[in-house]
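Student: Contents of upload-v2.txt (compact mmCIF, C-alpha atoms and all ligand atoms):
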# COMPACT_ATOMS: atom_id res chain seq x y z
CA MET A 172 99.81 134.36 119.46
CA GLU A 173 96.15 133.71 118.76
CA GLN A 174 95.34 130.08 118.03
CA THR A 175 93.39 129.99 114.78
CA VAL A 176 93.00 126.23 114.38
CA LYS A 177 89.88 125.08 116.18
CA ARG A 178 88.79 121.85 114.51
CA ILE A 179 91.00 119.44 112.66
CA GLY A 180 90.43 116.36 110.54
CA ILE A 181 92.67 113.33 110.81
CA LEU A 182 93.09 110.67 108.17
CA THR A 183 95.28 107.71 107.22
CA SER A 184 96.02 107.18 103.55
CA GLY A 185 97.92 104.77 101.29
CA GLY A 186 99.23 101.44 102.54
CA ASP A 187 98.60 100.90 106.25
CA ALA A 188 101.49 100.55 108.68
CA PRO A 189 101.69 99.28 112.27
CA GLY A 190 101.72 102.32 114.55
CA MET A 191 99.21 104.36 112.55
CA ASN A 192 96.70 103.87 115.37
CA ALA A 193 99.20 105.14 117.92
CA ALA A 194 99.62 108.26 115.75
CA VAL A 195 95.83 108.74 115.49
CA ARG A 196 95.54 108.42 119.26
CA ALA A 197 98.34 110.94 119.83
CA VAL A 198 96.78 113.47 117.47
CA VAL A 199 93.33 113.19 119.05
CA ARG A 200 94.55 113.30 122.64
CA THR A 201 96.97 116.19 122.00
CA ALA A 202 94.29 118.13 120.14
CA ILE A 203 91.83 117.72 123.00
CA SER A 204 94.45 118.81 125.51
CA GLN A 205 94.93 121.99 123.45
CA GLY A 206 91.22 122.74 123.15
CA VAL A 207 91.07 121.68 119.49
CA GLU A 208 88.22 119.47 118.25
CA CYS A 209 89.03 116.39 116.21
CA VAL A 210 87.12 114.66 113.43
CA GLY A 211 88.21 111.28 112.09
CA ILE A 212 88.02 111.04 108.29
CA ARG A 213 87.50 107.42 107.27
CA ARG A 214 89.12 105.82 104.21
CA GLY A 215 91.67 108.56 103.60
CA TYR A 216 91.03 111.11 100.87
CA HIS A 217 88.25 108.94 99.52
CA GLY A 218 86.40 109.66 102.77
CA LEU A 219 87.20 113.35 102.60
CA ILE A 220 85.61 113.46 99.15
CA ASN A 221 82.52 111.52 100.26
CA GLY A 222 82.02 113.06 103.69
CA ASP A 223 82.80 109.79 105.46
CA PHE A 224 83.70 110.93 108.97
CA MET A 225 83.37 110.15 112.66
CA PRO A 226 83.58 112.58 115.57
CA MET A 227 86.46 111.67 117.87
CA ASN A 228 87.07 112.19 121.54
CA ALA A 229 89.60 110.92 124.06
CA SER A 230 87.74 107.65 124.60
CA SER A 231 87.29 106.91 120.90
CA VAL A 232 91.04 106.32 120.76
CA SER A 233 91.19 104.18 123.90
CA HIS A 234 92.71 100.71 123.51
CA ILE A 235 94.07 101.25 120.01
CA ILE A 236 97.75 102.02 120.73
CA HIS A 237 98.66 98.34 120.50
CA LYS A 238 96.59 97.53 117.42
CA GLY A 239 97.94 97.05 113.90
CA GLY A 240 96.12 98.43 110.86
CA THR A 241 94.20 101.69 111.14
CA VAL A 242 90.86 102.22 112.87
CA LEU A 243 90.18 105.01 110.38
CA TYR A 244 90.59 102.60 107.44
CA THR A 245 92.70 103.64 104.50
CA ALA A 246 92.45 103.85 100.72
CA ARG A 247 94.29 105.05 97.65
CA SER A 248 92.03 107.62 95.96
CA LYS A 249 92.42 108.28 92.22
CA GLU A 250 89.66 110.88 92.34
CA PHE A 251 91.59 112.99 94.84
CA THR A 252 94.44 113.43 92.36
CA THR A 253 92.04 115.50 90.24
CA GLU A 254 91.07 119.12 90.89
CA GLU A 255 87.39 118.12 90.86
CA GLY A 256 88.00 115.46 93.49
CA ARG A 257 89.83 117.90 95.73
CA GLU A 258 87.03 120.42 95.21
CA LYS A 259 84.61 117.89 96.68
CA ALA A 260 87.05 117.27 99.56
CA LEU A 261 87.17 121.00 100.26
CA GLY A 262 83.38 120.94 100.34
CA THR A 263 83.56 118.40 103.17
CA CYS A 264 86.13 120.53 105.02
CA LYS A 265 83.81 123.51 104.70
CA LEU A 266 80.76 121.56 105.81
CA LEU A 267 82.56 120.20 108.89
CA GLY A 268 84.33 123.50 109.63
CA LEU A 269 87.79 121.96 109.44
CA ASP A 270 90.67 124.41 109.46
CA GLY A 271 93.43 121.82 109.68
CA ILE A 272 94.18 118.30 108.47
CA VAL A 273 96.69 115.79 109.84
CA ALA A 274 97.44 113.28 107.08
CA ILE A 275 99.23 110.08 108.06
CA GLY A 276 100.85 108.12 105.23
CA GLY A 277 103.56 108.26 102.57
CA ASP A 278 104.75 111.05 100.33
CA GLY A 279 101.77 110.59 97.98
CA THR A 280 99.61 111.40 101.01
CA PHE A 281 101.62 114.57 101.63
CA ARG A 282 101.44 115.64 97.98
CA GLY A 283 97.68 115.31 98.17
CA ALA A 284 97.51 117.34 101.38
CA LEU A 285 99.63 120.13 99.91
CA ALA A 286 97.54 120.25 96.73
CA LEU A 287 94.40 120.47 98.88
CA SER A 288 95.78 123.28 101.00
CA ARG A 289 96.83 125.23 97.89
CA GLN A 290 93.43 124.78 96.32
CA ALA A 291 91.83 126.09 99.51
CA THR A 292 94.14 129.12 99.44
CA ALA A 293 93.17 129.78 95.82
CA HIS A 294 89.57 130.07 97.06
CA GLY A 295 90.65 132.48 99.80
CA ASN A 296 90.33 129.84 102.53
CA ASP A 297 92.92 128.71 105.01
CA LEU A 298 93.43 124.97 105.43
CA GLN A 299 96.57 124.06 107.35
CA VAL A 300 97.91 120.58 106.67
CA VAL A 301 100.52 118.53 108.50
CA GLY A 302 101.91 115.17 107.36
CA ILE A 303 103.11 112.27 109.49
CA PRO A 304 105.28 109.69 107.66
CA ALA A 305 104.01 106.14 108.03
CA THR A 306 104.99 103.30 105.72
CA ILE A 307 106.72 99.97 106.22
CA ASP A 308 108.99 100.85 103.27
CA ASN A 309 110.91 103.62 105.12
CA ASP A 310 111.22 105.28 101.71
CA ILE A 311 110.22 108.88 102.49
CA GLY A 312 113.05 111.23 101.51
CA CYS A 313 112.58 113.78 104.28
CA SER A 314 112.50 111.39 107.23
CA HIS A 315 115.17 109.04 108.50
CA TYR A 316 112.43 106.84 109.93
CA THR A 317 108.83 106.10 109.03
CA ILE A 318 106.21 104.60 111.35
CA GLY A 319 105.75 100.87 110.75
CA PHE A 320 109.24 100.00 109.51
CA ASP A 321 110.49 98.46 112.75
CA THR A 322 107.42 96.28 113.22
CA ALA A 323 107.56 95.11 109.60
CA CYS A 324 111.24 94.19 110.01
CA ASN A 325 110.45 92.21 113.14
CA THR A 326 107.54 90.44 111.47
CA ALA A 327 109.68 89.45 108.50
CA ILE A 328 112.48 88.27 110.80
CA GLU A 329 110.07 86.13 112.80
CA CYS A 330 108.73 84.51 109.63
CA ILE A 331 112.20 83.89 108.22
CA ASP A 332 113.41 82.37 111.48
CA LYS A 333 110.58 79.86 111.14
CA LEU A 334 111.48 79.19 107.53
CA ARG A 335 115.06 78.62 108.56
CA ASP A 336 114.02 75.73 110.85
CA THR A 337 112.53 73.75 108.00
CA MET A 338 115.22 74.77 105.50
CA GLN A 339 117.84 73.55 107.95
CA SER A 340 116.10 70.19 108.48
CA HIS A 341 115.79 69.62 104.73
CA GLU A 342 119.13 71.22 103.87
CA ARG A 343 117.48 73.51 101.39
CA CYS A 344 117.80 76.99 99.97
CA SER A 345 115.07 79.51 100.76
CA VAL A 346 114.37 82.52 98.57
CA VAL A 347 112.23 85.05 100.43
CA GLU A 348 110.66 88.11 98.84
CA VAL A 349 110.02 91.05 101.14
CA MET A 350 108.06 94.25 100.49
CA GLY A 351 109.54 97.74 100.20
CA ARG A 352 108.06 98.95 96.91
CA HIS A 353 111.06 100.51 95.06
CA ALA A 354 113.30 100.57 98.12
CA GLY A 355 115.57 98.02 99.75
CA TYR A 356 115.59 99.30 103.36
CA LEU A 357 113.35 96.51 104.62
CA ALA A 358 115.19 93.76 102.72
CA LEU A 359 118.61 94.91 103.87
CA ASP A 360 117.79 95.30 107.57
CA VAL A 361 115.95 91.98 107.53
CA GLY A 362 118.78 90.28 105.62
CA ILE A 363 121.38 91.44 108.15
CA SER A 364 119.16 90.38 111.05
CA VAL A 365 118.55 86.86 109.78
CA GLY A 366 122.14 86.34 108.66
CA ALA A 367 121.11 85.93 105.02
CA THR A 368 123.49 84.28 102.58
CA ALA A 369 122.63 86.97 100.00
CA VAL A 370 120.36 90.02 99.80
CA LEU A 371 119.24 91.66 96.56
CA ILE A 372 118.09 95.29 96.71
CA PRO A 373 117.07 97.72 93.97
CA GLU A 374 119.61 100.35 95.03
CA ARG A 375 122.52 98.10 94.04
CA THR A 376 122.90 96.49 90.63
CA PHE A 377 123.70 92.86 91.27
CA ASP A 378 125.82 90.35 89.47
CA PHE A 379 124.16 86.97 89.79
CA GLU A 380 127.39 85.02 89.78
CA SER A 381 129.25 87.04 92.42
CA ASP A 382 126.28 88.16 94.53
CA VAL A 383 124.19 84.97 94.64
CA VAL A 384 125.98 81.92 93.21
CA GLU A 385 129.38 82.50 94.83
CA PRO A 386 128.04 83.26 98.37
CA ILE A 387 126.02 80.02 98.25
CA ARG A 388 129.05 78.07 97.00
CA LYS A 389 131.30 79.56 99.68
CA ALA A 390 128.80 78.76 102.39
CA ARG A 391 128.53 75.19 101.10
CA LEU A 392 132.33 74.82 101.09
CA ALA A 393 132.33 76.09 104.69
CA GLY A 394 129.99 73.23 105.60
CA VAL A 395 126.65 75.05 105.49
CA THR A 396 123.80 73.02 104.00
CA HIS A 397 120.93 75.56 104.06
CA PHE A 398 120.91 79.00 102.50
CA MET A 399 118.74 82.10 102.86
CA VAL A 400 118.41 84.54 99.97
CA VAL A 401 116.38 87.70 100.65
CA VAL A 402 114.99 89.54 97.64
CA ALA A 403 113.45 93.03 97.80
CA GLU A 404 110.27 93.17 95.74
CA GLY A 405 111.75 96.16 93.88
CA VAL A 406 114.37 93.85 92.36
CA GLY A 407 111.85 91.51 90.79
CA SER A 408 110.25 88.19 91.50
CA ALA A 409 111.74 85.74 93.99
CA VAL A 410 110.45 82.97 91.70
CA ASP A 411 112.79 84.14 88.92
CA ILE A 412 115.73 84.32 91.31
CA ALA A 413 114.99 80.78 92.55
CA ARG A 414 114.80 79.49 88.97
CA ARG A 415 118.19 80.99 88.18
CA ILE A 416 119.68 79.46 91.33
CA GLN A 417 118.38 76.07 90.24
CA GLU A 418 119.74 76.50 86.72
CA GLU A 419 123.18 77.65 87.83
CA ILE A 420 123.85 75.62 90.98
CA GLY A 421 121.52 72.67 90.58
CA ILE A 422 119.80 72.99 93.97
CA ASP A 423 116.02 73.25 94.26
CA PRO A 424 115.09 76.40 96.29
CA ARG A 425 111.73 76.99 97.97
CA VAL A 426 110.16 80.42 97.44
CA THR A 427 108.22 82.40 100.05
CA VAL A 428 106.62 85.75 99.28
CA LEU A 429 105.96 87.32 102.68
CA GLY A 430 103.53 89.85 101.21
CA HIS A 431 100.96 91.72 103.30
CA ILE A 432 101.71 89.82 106.50
CA GLN A 433 104.51 92.40 106.86
CA ARG A 434 101.95 95.21 107.12
CA GLY A 435 100.05 93.75 110.05
CA GLY A 436 100.62 92.97 113.68
CA THR A 437 100.93 94.75 116.96
CA PRO A 438 103.29 97.74 116.62
CA SER A 439 106.71 97.57 118.25
CA SER A 440 107.87 99.88 121.01
CA ARG A 441 109.75 101.99 118.48
CA ASP A 442 106.69 102.44 116.28
CA ARG A 443 104.33 103.30 119.15
CA GLU A 444 106.79 105.75 120.64
CA THR A 445 107.68 107.43 117.33
CA ALA A 446 104.01 107.66 116.35
CA SER A 447 103.11 109.21 119.70
CA ARG A 448 105.84 111.83 119.44
CA MET A 449 104.97 112.62 115.83
CA GLY A 450 101.24 112.91 116.56
CA TYR A 451 101.96 115.28 119.42
CA ALA A 452 104.31 117.39 117.27
CA ALA A 453 101.79 117.55 114.41
CA VAL A 454 99.10 119.11 116.60
CA GLN A 455 101.61 121.43 118.27
CA SER A 456 102.53 122.66 114.80
CA LEU A 457 98.91 123.39 113.97
CA VAL A 458 98.17 125.23 117.21
CA GLU A 459 101.28 127.35 116.57
CA ASN A 460 99.80 128.20 113.16
CA ARG A 461 102.58 126.35 111.35
CA GLY A 462 100.74 124.69 108.51
CA ASN A 463 101.96 122.85 105.40
CA ARG A 464 104.54 120.98 107.44
CA VAL A 465 105.83 117.43 107.70
CA ILE A 466 106.84 115.97 111.03
CA ALA A 467 109.93 113.87 110.37
CA THR A 468 112.85 112.32 112.22
CA ARG A 469 116.54 113.17 111.95
CA ASP A 470 118.86 110.85 113.88
CA GLY A 471 116.06 109.95 116.27
CA SER A 472 114.92 113.53 116.94
CA ILE A 473 111.59 114.90 115.78
CA VAL A 474 111.87 117.75 113.27
CA ASN A 475 109.27 120.02 111.70
CA LEU A 476 109.83 120.63 107.97
CA ASP A 477 108.20 122.79 105.33
CA MET A 478 106.07 120.37 103.31
CA GLU A 479 107.18 121.57 99.89
CA GLU A 480 110.84 121.35 100.89
CA ALA A 481 110.25 117.98 102.52
CA LEU A 482 108.73 116.60 99.33
CA ALA A 483 111.82 117.65 97.35
CA MET A 484 114.20 115.90 99.74
CA THR A 485 115.89 112.63 98.91
CA LYS A 486 117.37 110.16 101.33
CA PRO A 487 120.69 108.86 100.03
CA PHE A 488 120.86 105.09 100.33
CA THR A 489 124.21 104.49 101.98
CA MET A 490 125.92 101.18 101.33
CA ASP A 491 127.36 100.79 104.84
CA ARG A 492 124.71 98.25 105.80
CA TYR A 493 125.35 96.28 102.64
CA MET A 494 129.03 96.15 103.51
CA VAL A 495 128.12 94.72 106.92
CA LEU A 496 126.05 92.05 105.23
CA GLU A 497 128.86 91.16 102.84
CA ALA A 498 131.42 90.97 105.61
CA LEU A 499 129.24 88.71 107.71
CA SER A 500 127.86 86.39 105.05
CA ARG A 501 130.68 85.70 102.59
CA HIS A 502 133.06 83.12 103.95
O1 LIG B 1 103.90 100.95 100.62
C1 LIG B 1 103.63 99.83 101.38
C2 LIG B 1 103.49 98.61 100.52
O2 LIG B 1 103.19 97.52 101.36
C3 LIG B 1 104.69 98.29 99.63
O3 LIG B 1 105.73 97.66 100.32
C4 LIG B 1 104.04 97.43 98.60
O4 LIG B 1 104.75 97.48 97.37
C5 LIG B 1 102.67 98.05 98.44
O5 LIG B 1 102.42 98.78 99.62
C6 LIG B 1 101.55 97.07 98.24
O6 LIG B 1 100.39 97.80 98.03
P1 LIG B 1 98.93 97.16 98.05
O7 LIG B 1 98.56 96.90 99.49
O8 LIG B 1 98.08 98.22 97.44
O9 LIG B 1 99.00 95.90 97.29
Kindly present the structure from the file in structure tokens form.
Tutor:
Amino acid sequence: MEQTVKRIGILTSGGDAPGMNAAVRAVVRTAISQGVECVGIRRGYHGLINGDFMPMNASSVSHIIHKGGTVLYTARSKEFTTEEGREKALGTCKLLGLDGIVAIGGDGTFRGALALSRQATAHGNDLQVVGIPATIDNDIGCSHYTIGFDTACNTAIECIDKLRDTMQSHERCSVVEVMGRHAGYLALDVGISVGATAVLIPERTFDFESDVVEPIRKARLAGVTHFMVVVAEGVGSAVDIARRIQEEIGIDPRVTVLGHIQRGGTPSSRDRETASRMGYAAVQSLVENRGNRVIATRDGSIVNLDMEEALAMTKPFTMDRYMVLEALSRH
């Protein structure tokens, strides 16, 4: 089969995630090994619109596999959601002679890539796009795992372990808010891993009395004098939860919003390895002329999905992890 893709653009878009750099490195190095040129697009779709690019070779991705953030920078571009914005982006693709794009980010990033490819087709041009899922939220329907999740969990756990030291000394209650946008994957895995007294996630409607007050009371009756309540940001503010705890139990919790610290840091083994495999698979897809695809994971294996189908997929939030938490925390 003749290889039609000769020069590809690579970009990171949306919220950054640890491991994005490992994915960029894998794309560039795989492309070079396949005789495909690579151009780095800076600042996501914003950069594609404005012609903000950097040529990339094997050495331009040296010493980045262990770095958090993204060397290509990232942005959320409103302009790209418009046809006019994408028209400008296609102008940049034409100018640079790009026939493929690897877009690393969340499902908004993939929607943008698909819209761009379709607009190119409407003009009689071929622009093959491939998406790589990267977000600390792990909330992309088509992929069991997204790059950055494991590192973010470990960062949150490390912070909460530190909080626990001081909460234990002062015999206090800690209410910690973790990221995750509208999803509770991060909060639940972190909550299990820190042995939280209670975890509140958006996927499960909670009853304050039975899900927060009673677990704290039971722990107190069992002799525990410090309590850890983990709140997913999708549930609401940790400050409100702390206020309700004070009103209903009469203890004075301390609130910590972990915030963007969860997005930084050196990527874990899992994130580097997944990103490397996904980056490799993305370029392989392009050289095999399989465009408009998403590289995802299913039970740890890399899979190559049609982008439109991938965007329609949902990931059912199973309650098995919540049951583990309940069994281990309510005594
Ligand atoms: O999607 C990643 C994420 O960190 C979410 O967990 C969070 O809700 C959001 O991005 C924060 O976005 P921003 O960095 O634009 O404030």
Student: For a quick check of understanding, using all atoms listed in the file, which of A:Ile412, A:Tyr493, A:Glu250, A:Phe379 has the smallest distance to A:Val361?
Tutor: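 Ranked by minimum distance to A:Val361, first place goes to A:Tyr493.
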Student: Could you list, as a ChimeraX atom specification, all the residues within 10 Å of ligand LIG 1 (chain B), counting only C-alpha atoms and all ligand atoms?
Tutor: /A:185-188,246-247,276-277,305-310,319-320,323,349-355,357,403-405,430-435
Student: Using Å and a single decimal, report how far atom CA of A:Ile328 sits from atom CA of A:Val495.
Tutor: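 Atom CA of A:Ile328 lies at a distance of 17.4 Å from atom CA of A:Val495.
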Student: Which residues are near A:Ala202? Cut-off 9 Å, only C-alpha atoms, ignore same chain within fewer than 6 positions. Put them as a VMD selection string.
Tutor: chain A and resid 178 to 179 208 to 209 451 454 to 455 458
Student: Here is a test: counting all atoms listed in the file, which residue of A:Ile387, A:Met490, A:Val365, A:Val465 is nearest to A:Leu285?
Tutor: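 Smallest separation from A:Leu285 among the options: A:Val465.
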Student: Could you jot down the atom CA of A:Glu419 to atom CA of A:Cys344 separation for me, Å, one decimal place?
Tutor: 13.3 Å
Student: Rounded to one decimal place, report the atom CA of A:Thr489-atom CA of A:Asp442 distance in Å.
Tutor: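 We find that atom CA of A:Thr489 and atom CA of A:Asp442 lie 22.7 Å from each other.
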Student: Using all atoms listed in the file, which protein or nucleic acid residues come within 9 Å of A:Leu482? Drop anything in the same chain fewer than 3 positions from it, and give the result as an mmCIF file with C-alpha atoms, keeping the file's coordinate frame.
Tutor:
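Printed below is around-v4.cif as written:
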data_model
loop_
_atom_site.group_PDB
_atom_site.id
_atom_site.type_symbol
_atom_site.label_atom_id
_atom_site.label_comp_id
_atom_site.auth_asym_id
_atom_site.auth_seq_id
_atom_site.Cartn_x
_atom_site.Cartn_y
_atom_site.Cartn_z
ATOM 1 C CA ASP A 278 104.750 111.050 100.330
ATOM 2 C CA PHE A 281 101.620 114.570 101.630
ATOM 3 C CA ARG A 282 101.440 115.640 97.980
ATOM 4 C CA ILE A 311 110.220 108.880 102.490
ATOM 5 C CA GLY A 312 113.050 111.230 101.510
ATOM 6 C CA CYS A 313 112.580 113.780 104.280
ATOM 7 C CA VAL A 465 105.830 117.430 107.700
ATOM 8 C CA ASP A 477 108.200 122.790 105.330
ATOM 9 C CA MET A 478 106.070 120.370 103.310
ATOM 10 C CA GLU A 479 107.180 121.570 99.890
ATOM 11 C CA THR A 485 115.890 112.630 98.910
#
Student: Show me, as JSON lines, the residues of stretch 383-484 of chain A having an atom within 12 Å of stretch 217-235 of chain A, each with the closest atom pair and its distance in Å, using all atoms listed in the file.
Tutor:
{"residue": "A:Thr437", "atom": "CA", "partner": "A:Ile235", "partner_atom": "CA", "distance": 9.9}
{"residue": "A:Pro438", "atom": "CA", "partner": "A:Ile235", "partner_atom": "CA", "distance": 10.4}
{"residue": "A:Arg443", "atom": "CA", "partner": "A:Ile235", "partner_atom": "CA", "distance": 10.5}
Student: So which one's closest to A:Lys265, A:Leu298, A:Leu457, A:Leu243, A:Ile363? Using all atoms listed in the file, please.
Tutor: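 Smallest distance to A:Lys265 is found for A:Leu298.
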Student: Any idea what's packed within 7 Å of A:Met191, counting all atoms listed in the file, ignoring anything in its chain fewer than 4 positions away? Could you give it as a count of residues only?
Tutor: 5
Student: For A:Ala291, list every protein, DNA or RNA residue within 12 Å, evaluated using only C-alpha atoms, and leave out those in the same chain fewer than 6 positions away; present the list as a list of chain:residue names.
Tutor: A:Glu254, A:Arg257, A:Glu258, A:Lys259, A:Ala260, A:Leu261, A:Gly262, A:Thr263, A:Cys264, A:Lys265, A:Leu269, A:Asp270, A:Gly271, A:Ala284, A:Leu285, A:Asp297, A:Leu298, A:Gln299, A:Val300
Student: Kindly export the residues of the current selection with C-alpha atoms, as a PDB file, in the frame of the given file.
Tutor:
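So selection.pdb came out as:
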ATOM      1  CA  GLU A 254      91.070 119.120  90.890  1.00  0.00           C
ATOM      2  CA  ARG A 257      89.830 117.900  95.730  1.00  0.00           C
ATOM      3  CA  GLU A 258      87.030 120.420  95.210  1.00  0.00           C
ATOM      4  CA  LYS A 259      84.610 117.890  96.680  1.00  0.00           C
ATOM      5  CA  ALA A 260      87.050 117.270  99.560  1.00  0.00           C
ATOM      6  CA  LEU A 261      87.170 121.000 100.260  1.00  0.00           C
ATOM      7  CA  GLY A 262      83.380 120.940 100.340  1.00  0.00           C
ATOM      8  CA  THR A 263      83.560 118.400 103.170  1.00  0.00           C
ATOM      9  CA  CYS A 264      86.130 120.530 105.020  1.00  0.00           C
ATOM     10  CA  LYS A 265      83.810 123.510 104.700  1.00  0.00           C
ATOM     11  CA  LEU A 269      87.790 121.960 109.440  1.00  0.00           C
ATOM     12  CA  ASP A 270      90.670 124.410 109.460  1.00  0.00           C
ATOM     13  CA  GLY A 271      93.430 121.820 109.680  1.00  0.00           C
ATOM     14  CA  ALA A 284      97.510 117.340 101.380  1.00  0.00           C
ATOM     15  CA  LEU A 285      99.630 120.130  99.910  1.00  0.00           C
ATOM     16  CA  ASP A 297      92.920 128.710 105.010  1.00  0.00           C
ATOM     17  CA  LEU A 298      93.430 124.970 105.430  1.00  0.00           C
ATOM     18  CA  GLN A 299      96.570 124.060 107.350  1.00  0.00           C
ATOM     19  CA  VAL A 300      97.910 120.580 106.670  1.00  0.00           C
TER      20      VAL A 300
END
Student: Between A:Arg441, A:His341, A:Lys177, A:Lys333, which residue has the minimum interatomic distance to A:His237, considering all atoms listed in the file?
Tutor: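 For A:His237, the nearest of the given residues is A:Arg441.
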Student: Which residue out of A:Arg335, A:Arg196, A:His397, A:Arg461 has the minimum interatomic distance to A:Val176 when only C-alpha atoms are used?
Tutor: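 Comparing A:Arg335, A:Arg196, A:His397, A:Arg461 against A:Val176, the winner is A:Arg461.
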Student: Quick one: residues within 12 Å of A:Ala498, only C-alpha atoms counted, chain neighbours fewer than 2 positions away excluded, as a compact mmCIF listing (two decimals) with C-alpha atoms, in the coordinates of the input?
Tutor:
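Contents of out.txt, freshly written:
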# COMPACT_ATOMS: atom_id res chain seq x y z
CA ILE A 363 121.38 91.44 108.15
CA GLY A 366 122.14 86.34 108.66
CA ALA A 367 121.11 85.93 105.02
CA THR A 368 123.49 84.28 102.58
CA ALA A 369 122.63 86.97 100.00
CA PRO A 386 128.04 83.26 98.37
CA ASP A 491 127.36 100.79 104.84
CA ARG A 492 124.71 98.25 105.80
CA TYR A 493 125.35 96.28 102.64
CA MET A 494 129.03 96.15 103.51
CA VAL A 495 128.12 94.72 106.92
CA LEU A 496 126.05 92.05 105.23
CA SER A 500 127.86 86.39 105.05
CA ARG A 501 130.68 85.70 102.59
CA HIS A 502 133.06 83.12 103.95
Student: Considering only C-alpha atoms, state which residue in the set A:Arg375, A:Arg388, A:His315, A:Lys238 is at the smallest distance from A:Ala467.
Tutor: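 Smallest separation from A:Ala467 among the options: A:His315.
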